[in-house]
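Participant: Below you'll find the structure I mean.
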Amino acid sequence: VALTTLLRLFHPEPPEAPGIHATAAVGEGARVDPTASVGPHAVIEAGAVIGARSRVGALSFVGAGVVIGEDVVLYPRVVVRDGVRVGHRVIVHPGAVLGADGFGYAFDGAAHRKIPQVGGLRVGDDVEIGANATIDRGTLGDTVIGRGSKIDNLVQVGHNCQVGEHVILVAQVGVSGSCRIGSRAVLAGQVGIVDHVTVGEGAILTAQSGVAGDVPAGEVWSGSPSRPSMETRRIWAAESMLPDLIRKVRALEKRVRELEEKRGA
Amino acid sequence: VALTTLLRLFHPEPPEAPGIHATAAVGEGARVDPTASVGPHAVIEAGAVIGARSRVGALSFVGAGVVIGEDVVLYPRVVVRDGVRVGHRVIVHPGAVLGADGFGYAFDGAAHRKIPQVGGLRVGDDVEIGANATIDRGTLGDTVIGRGSKIDNLVQVGHNCQVGEHVILVAQVGVSGSCRIGSRAVLAGQVGIVDHVTVGEGAILTAQSGVAGDVPAGEVWSGSPSRPSMETRRIWAAESMLPDLIRKVRALEKRVRELEEKRGA
Amino acid sequence: VALTTLLRLFHPEPPEAPGIHATAAVGEGARVDPTASVGPHAVIEAGAVIGARSRVGALSFVGAGVVIGEDVVLYPRVVVRDGVRVGHRVIVHPGAVLGADGFGYAFDGAAHRKIPQVGGLRVGDDVEIGANATIDRGTLGDTVIGRGSKIDNLVQVGHNCQVGEHVILVAQVGVSGSCRIGSRAVLAGQVGIVDHVTVGEGAILTAQSGVAGDVPAGEVWSGSPSRPSMETRRIWAAESMLPDLIRKVRALEKRVRELEEKRGA
């Protein structure tokens, strides 16, 4: 944290002049705070609200009815689809897509019929969302990203997920629909979670874990399929001995057969 | 499906006024149907064709010679590179890239030389493509996405893949070049497929499967390396017993040695 | 390579007329070479430099102080954030994000505090970067992508990574922060590498490998957790026999018990 303070002291954020760039397209009834800035070729649709001191980067898209809080940074080329609500001091990196349709279909025997995705997305205060990450809107209710959570590049969060506060989702994590991720949980890189799973508060999933069932609060799990890390580590160590074990069992079978034959003789 | 109908009834798609936004850049010879809409800052290159009632979202790019069918929705910030052909009623979510170069190089002893990617991409009717997904164009022939297939966020489909009809590719799936995915196959989240593999019709690959060889039609496979799910499940169950098994074999070796010694005595 | 030459002969790159499109937004003090081209709705910020014959695609963003070399192709909708330096003959596909903030926080007991990411990113000559890939800037020093390296779609390279020359990173690879990838190494699809790992020169990691420790130069490693491929292959083969092995050990235990009982009798 000392380093953080020092770095910020010596590398202050460049001040962004407030105001709307001449090339930005701002729709009817959109309200951009006079202290906010809107970059070149940004698009702000009808009825959207941009809070005080927030920055909408070049080439970003803010959909109809979106509410963006104060001191938010949308880097260039962010998409925030219609109706999404973003808190204060949120940072969104280039290419992230907030509020796209979730992946929901019903197979009618001949084709996959789209289930309309009419829910929303709420992003809490102090959240950070990485480059090219995708957070889907809910089918009916809202997808929620809790206050202070940090989401890395290329992460996918499915529709109707409830992500708690101060959660860490490292790069390329995939969270399927309707999952609950408890506060302060940490999902390391490339972890995948199937739908409707609950990860308890403070749980840690190590890199590439594949999670198909609930993970208790405070536990550390690993592997695919994921198990408590102590157990997974024992399995990984044992795996190395497996080819040798097969040879040993073959040898034992031969020796036992010989003992049996002598016994029978 | 009843839910689908109800949701659509109560949440109708907002009507999009037809016409080309004043800030859109439309190239020479591009033909936009009068009933279609083109959003703010969209770019449509020379010779592209946009069909009836289709919507090109804000900040989207439609390359030279692209053909977009009728009733297509390109959400904001979609890229469709030159020459790609998109059918009717296709939905493409923000950030998706259709028709980028495939990943093809020849190592000449000193450096990787790029193999020009001069093929195309054809997307069938009723396909849906998720946010930030990438579907590469072919090297020589076309990459093909069959009618009715649904592709989730952050999926990668390599050059020259032939994806059948009504296929489901869940988030973060990676399909390498020249694969054939049979109709109605389902690839769950984060599945990876090496190049030139055939996945049979109706086959199911569970989440995080790693597929290095052909998968027969109608089968369910799991694991990395992927095997029939029944077999994989047995392996996963057995793995849990592996550390215990090693102890048992050590104990057996001791007991057999004792029997042998007594026998020999 | 013969194929490469032939394909290029019959499918020459379309010539791009030099010049800055009327709708592009070019900041103060930016220098665009007269032989370079800047597409519709591209944004070039103050002080950026675009070299001879380079093409900045439509809807692309080039940040303040960026230096782009000669004969570079930025396809439409690329983001190059402030201060990034790109060499000659580099190709960047749509949606790629160069120089976003790395994922760095310090937990202060209550919340994750952002560590400012004030380093840079240097991309060597002849590098190619795929669609929707993300390469983060350094925390203090630079992230470096060496000359001739080829990076596929949806790849993530973390802050302060040093990627050598002629490296291949296939689709959806994730390289965590501060890794060193030796020259001519090949990371196949969906490989994940934890932070601070060194992959030696010419090493090969097969698809979906999960790497938590250093990989020696020239070796081929597989699996998650990753091990030398010979060892991993033996484990995978042995796994298939594991359920049978458990039955065999149970049978052996019974037979040994019988021998012991008879012996004792």
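Letters for chains follow the order of the structure tokens (A, B, ...), residue numbers begin at 1 for each chain, and ligand numbers begin at 1 in the order shown.
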Could you pull the residues within 8 Å of Ser222 of chain A, counting only C-alpha atoms, minus those fewer than 3 positions along the same chain, as an MDAnalysis selection string?
Facilitator: chainID A and resid 205:210 226:229 232
Participant: What's the 10 Å shell around Asp71 of chain A, counting only C-alpha atoms, without same-chain residues fewer than 6 positions away, as an MDAnalysis selection string?
Facilitator: chainID A and resid 35:36 50:55 87:91 126
Participant: Mind writing the picked residues with N, CA, C and O atoms as a PDB file, in the first residue's frame?
Facilitator:
ATOM      1  N   THR A  35     -18.969  18.104 -14.958  1.00  0.00           N
ATOM      2  CA  THR A  35     -17.587  17.782 -14.583  1.00  0.00           C
ATOM      3  C   THR A  35     -17.105  16.470 -15.215  1.00  0.00           C
ATOM      4  O   THR A  35     -15.966  16.069 -15.027  1.00  0.00           O
ATOM      5  N   ALA A  36     -17.978  15.761 -15.921  1.00  0.00           N
ATOM      6  CA  ALA A  36     -17.599  14.503 -16.573  1.00  0.00           C
ATOM      7  C   ALA A  36     -16.983  14.777 -17.937  1.00  0.00           C
ATOM      8  O   ALA A  36     -17.103  15.880 -18.473  1.00  0.00           O
ATOM      9  N   ILE A  50     -24.514  10.124 -16.727  1.00  0.00           N
ATOM     10  CA  ILE A  50     -23.085   9.998 -16.419  1.00  0.00           C
ATOM     11  C   ILE A  50     -22.783  10.911 -15.235  1.00  0.00           C
ATOM     12  O   ILE A  50     -22.984  12.122 -15.317  1.00  0.00           O
ATOM     13  N   GLY A  51     -22.272  10.325 -14.118  1.00  0.00           N
ATOM     14  CA  GLY A  51     -22.091  11.077 -12.890  1.00  0.00           C
ATOM     15  C   GLY A  51     -20.880  12.006 -12.889  1.00  0.00           C
ATOM     16  O   GLY A  51     -20.051  11.995 -13.816  1.00  0.00           O
ATOM     17  N   ALA A  52     -20.763  12.733 -11.790  1.00  0.00           N
ATOM     18  CA  ALA A  52     -19.710  13.751 -11.646  1.00  0.00           C
ATOM     19  C   ALA A  52     -18.318  13.146 -11.803  1.00  0.00           C
ATOM     20  O   ALA A  52     -18.011  12.093 -11.255  1.00  0.00           O
ATOM     21  N   ARG A  53     -17.490  13.859 -12.523  1.00  0.00           N
ATOM     22  CA  ARG A  53     -16.070  13.523 -12.703  1.00  0.00           C
ATOM     23  C   ARG A  53     -15.823  12.173 -13.389  1.00  0.00           C
ATOM     24  O   ARG A  53     -14.701  11.676 -13.414  1.00  0.00           O
ATOM     25  N   SER A  54     -16.839  11.543 -13.913  1.00  0.00           N
ATOM     26  CA  SER A  54     -16.637  10.265 -14.611  1.00  0.00           C
ATOM     27  C   SER A  54     -16.138  10.511 -16.028  1.00  0.00           C
ATOM     28  O   SER A  54     -16.384  11.567 -16.610  1.00  0.00           O
ATOM     29  N   ARG A  55     -15.396   9.524 -16.539  1.00  0.00           N
ATOM     30  CA  ARG A  55     -14.836   9.640 -17.890  1.00  0.00           C
ATOM     31  C   ARG A  55     -15.356   8.508 -18.763  1.00  0.00           C
ATOM     32  O   ARG A  55     -15.193   7.341 -18.419  1.00  0.00           O
ATOM     33  N   GLY A  87     -21.874   1.603 -10.235  1.00  0.00           N
ATOM     34  CA  GLY A  87     -21.684   2.420  -9.032  1.00  0.00           C
ATOM     35  C   GLY A  87     -20.621   3.496  -9.183  1.00  0.00           C
ATOM     36  O   GLY A  87     -20.305   3.925 -10.296  1.00  0.00           O
ATOM     37  N   HIS A  88     -20.055   3.895  -8.055  1.00  0.00           N
ATOM     38  CA  HIS A  88     -19.036   4.940  -8.029  1.00  0.00           C
ATOM     39  C   HIS A  88     -17.627   4.337  -8.078  1.00  0.00           C
ATOM     40  O   HIS A  88     -17.398   3.234  -7.592  1.00  0.00           O
ATOM     41  N   ARG A  89     -16.707   5.123  -8.616  1.00  0.00           N
ATOM     42  CA  ARG A  89     -15.274   4.753  -8.636  1.00  0.00           C
ATOM     43  C   ARG A  89     -15.018   3.407  -9.321  1.00  0.00           C
ATOM     44  O   ARG A  89     -14.046   2.712  -9.018  1.00  0.00           O
ATOM     45  N   VAL A  90     -15.874   3.017 -10.229  1.00  0.00           N
ATOM     46  CA  VAL A  90     -15.680   1.783 -10.994  1.00  0.00           C
ATOM     47  C   VAL A  90     -14.712   2.064 -12.147  1.00  0.00           C
ATOM     48  O   VAL A  90     -14.726   3.154 -12.724  1.00  0.00           O
ATOM     49  N   ILE A  91     -13.838   1.084 -12.443  1.00  0.00           N
ATOM     50  CA  ILE A  91     -12.916   1.194 -13.577  1.00  0.00           C
ATOM     51  C   ILE A  91     -13.222   0.053 -14.543  1.00  0.00           C
ATOM     52  O   ILE A  91     -13.275  -1.104 -14.136  1.00  0.00           O
ATOM     53  N   ASP A 126     -16.426   0.725  -6.592  1.00  0.00           N
ATOM     54  CA  ASP A 126     -15.022   0.302  -6.476  1.00  0.00           C
ATOM     55  C   ASP A 126     -14.721  -1.022  -7.173  1.00  0.00           C
ATOM     56  O   ASP A 126     -13.714  -1.668  -6.870  1.00  0.00           O
TER      57      ASP A 126
END
Participant: Let's see if you can do this: from backbone DSSP, list all alpha helix (DSSP H) residues in segment 8-248 of chain A, as JSON, numbers by chain.
Facilitator: {"A": [8, 9, 10, 229, 230, 231, 232, 233, 234, 235, 236, 237, 238, 239, 240, 241, 242, 243, 244, 245, 246, 247, 248]}
Participant: Just N, CA, C and O atoms for this one: save the residues we selected as a short mmCIF file (atom, residue, chain, number, x, y, z; two decimals), in the first residue's frame.
Facilitator:
data_model
loop_
_atom_site.label_atom_id
_atom_site.label_comp_id
_atom_site.auth_asym_id
_atom_site.auth_seq_id
_atom_site.Cartn_x
_atom_site.Cartn_y
_atom_site.Cartn_z
N ARG A 8 1.43 6.49 -7.12
CA ARG A 8 0.42 7.47 -7.49
C ARG A 8 0.96 8.89 -7.36
O ARG A 8 0.63 9.77 -8.16
N LEU A 9 1.84 9.08 -6.38
CA LEU A 9 2.43 10.38 -6.18
C LEU A 9 3.31 10.78 -7.37
O LEU A 9 3.28 11.91 -7.85
N PHE A 10 4.09 9.82 -7.83
CA PHE A 10 5.02 10.12 -8.91
C PHE A 10 4.40 9.97 -10.29
O PHE A 10 4.93 10.43 -11.27
N SER A 229 -7.88 -28.94 -1.65
CA SER A 229 -6.51 -28.95 -2.18
C SER A 229 -5.64 -30.02 -1.56
O SER A 229 -4.79 -30.61 -2.24
N MET A 230 -5.79 -30.28 -0.24
CA MET A 230 -4.99 -31.31 0.41
C MET A 230 -5.19 -32.64 -0.30
O MET A 230 -4.23 -33.36 -0.55
N GLU A 231 -6.45 -32.95 -0.57
CA GLU A 231 -6.78 -34.21 -1.24
C GLU A 231 -6.23 -34.22 -2.68
O GLU A 231 -5.64 -35.21 -3.12
N THR A 232 -6.43 -33.10 -3.38
CA THR A 232 -5.96 -33.03 -4.77
C THR A 232 -4.44 -33.17 -4.84
O THR A 232 -3.91 -33.86 -5.71
N ARG A 233 -3.74 -32.53 -3.91
CA ARG A 233 -2.28 -32.63 -3.90
C ARG A 233 -1.83 -34.07 -3.67
O ARG A 233 -0.86 -34.54 -4.28
N ARG A 234 -2.52 -34.77 -2.78
CA ARG A 234 -2.19 -36.18 -2.55
C ARG A 234 -2.41 -37.00 -3.82
O ARG A 234 -1.61 -37.87 -4.15
N ILE A 235 -3.52 -36.70 -4.52
CA ILE A 235 -3.79 -37.43 -5.77
C ILE A 235 -2.71 -37.14 -6.80
O ILE A 235 -2.20 -38.04 -7.45
N TRP A 236 -2.35 -35.85 -6.95
CA TRP A 236 -1.32 -35.49 -7.93
C TRP A 236 0.02 -36.18 -7.63
O TRP A 236 0.71 -36.63 -8.53
N ALA A 237 0.36 -36.25 -6.34
CA ALA A 237 1.61 -36.92 -5.97
C ALA A 237 1.50 -38.41 -6.27
O ALA A 237 2.44 -39.03 -6.80
N ALA A 238 0.35 -38.99 -5.95
CA ALA A 238 0.15 -40.43 -6.16
C ALA A 238 0.15 -40.78 -7.65
O ALA A 238 0.64 -41.84 -8.04
N GLU A 239 -0.39 -39.90 -8.48
CA GLU A 239 -0.43 -40.15 -9.93
C GLU A 239 0.94 -40.46 -10.48
O GLU A 239 1.09 -41.32 -11.35
N SER A 240 1.95 -39.76 -9.97
CA SER A 240 3.31 -39.98 -10.46
C SER A 240 3.76 -41.41 -10.20
O SER A 240 4.57 -41.96 -10.93
N MET A 241 3.20 -42.00 -9.14
CA MET A 241 3.60 -43.37 -8.78
C MET A 241 2.72 -44.41 -9.45
O MET A 241 2.96 -45.60 -9.30
N LEU A 242 1.71 -43.97 -10.18
CA LEU A 242 0.71 -44.91 -10.71
C LEU A 242 1.31 -45.92 -11.69
O LEU A 242 1.04 -47.13 -11.55
N PRO A 243 2.11 -45.49 -12.68
CA PRO A 243 2.67 -46.51 -13.59
C PRO A 243 3.49 -47.55 -12.82
O PRO A 243 3.38 -48.75 -13.09
N ASP A 244 4.25 -47.11 -11.83
CA ASP A 244 5.04 -48.02 -11.01
C ASP A 244 4.12 -48.95 -10.20
O ASP A 244 4.41 -50.14 -10.03
N LEU A 245 3.02 -48.40 -9.72
CA LEU A 245 2.08 -49.18 -8.91
C LEU A 245 1.50 -50.34 -9.71
O LEU A 245 1.33 -51.46 -9.19
N ILE A 246 1.20 -50.07 -10.99
CA ILE A 246 0.64 -51.12 -11.85
C ILE A 246 1.63 -52.28 -11.98
O ILE A 246 1.27 -53.45 -11.89
N ARG A 247 2.90 -51.92 -12.17
CA ARG A 247 3.94 -52.97 -12.23
C ARG A 247 4.01 -53.76 -10.93
O ARG A 247 4.11 -54.99 -10.94
N LYS A 248 3.94 -53.06 -9.81
CA LYS A 248 4.02 -53.73 -8.51
C LYS A 248 2.87 -54.71 -8.30
O LYS A 248 3.05 -55.80 -7.76
#
Participant: Show which residues sit within 6 Å of Gly189 of chain B, as a list in words. Count only C-alpha atoms, and ignore same-chain residues fewer than 3 positions away.
Facilitator: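 Answer for this query is Val170, Ala171, Gln172, Val173 and Ala207 of chain B.
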Participant: Write the residues of the preceding selection, restricted to N, CA and C atoms, as a PDB file, in the first residue's frame.
Facilitator:
ATOM      1  N   VAL B 170     -20.553 -23.420 -25.554  1.00  0.00           N
ATOM      2  CA  VAL B 170     -20.701 -22.615 -24.340  1.00  0.00           C
ATOM      3  C   VAL B 170     -19.441 -21.755 -24.131  1.00  0.00           C
ATOM      4  N   ALA B 171     -19.534 -20.816 -23.229  1.00  0.00           N
ATOM      5  CA  ALA B 171     -18.512 -19.781 -23.039  1.00  0.00           C
ATOM      6  C   ALA B 171     -17.084 -20.334 -22.968  1.00  0.00           C
ATOM      7  N   GLN B 172     -16.169 -19.645 -23.642  1.00  0.00           N
ATOM      8  CA  GLN B 172     -14.733 -19.899 -23.566  1.00  0.00           C
ATOM      9  C   GLN B 172     -14.323 -21.228 -24.192  1.00  0.00           C
ATOM     10  N   VAL B 173     -15.213 -21.858 -24.963  1.00  0.00           N
ATOM     11  CA  VAL B 173     -14.804 -23.032 -25.741  1.00  0.00           C
ATOM     12  C   VAL B 173     -13.779 -22.594 -26.778  1.00  0.00           C
ATOM     13  N   ALA B 207     -17.879 -29.835 -19.423  1.00  0.00           N
ATOM     14  CA  ALA B 207     -17.024 -28.657 -19.215  1.00  0.00           C
ATOM     15  C   ALA B 207     -15.553 -29.023 -19.054  1.00  0.00           C
TER      16      ALA B 207
END
Participant: Taking only C-alpha atoms into account, find every residue of chain C that has an atom no more than 7 Å from chain B, and write it out as a list in words.
Facilitator: Val1, Thr4, Leu7, Arg8, His11, Pro40, His41, His93, Pro94, Gly95, Ala131, Asn132, Gly148, Asp152, His166, Glu239, Ser240, Leu242, Pro243, Glu253 and Val256 of chain C
Participant: Running DSSP on the backbone, which parts of segment 13-195 of chain B land in strand (DSSP E), as a VMD selection string?
Facilitator: chain B and resid 19 to 20 25 to 26 31 to 32 37 to 38 43 to 44 49 to 50 55 to 56 61 to 62 67 to 68 73 to 74 79 to 80 85 to 86 91 to 92 97 to 100 105 to 107 112 to 114 120 to 123 128 to 129 134 to 136 142 to 145 150 to 151 156 to 157 162 to 163 168 to 169 174 to 175 180 to 181 186 to 187 192 to 193
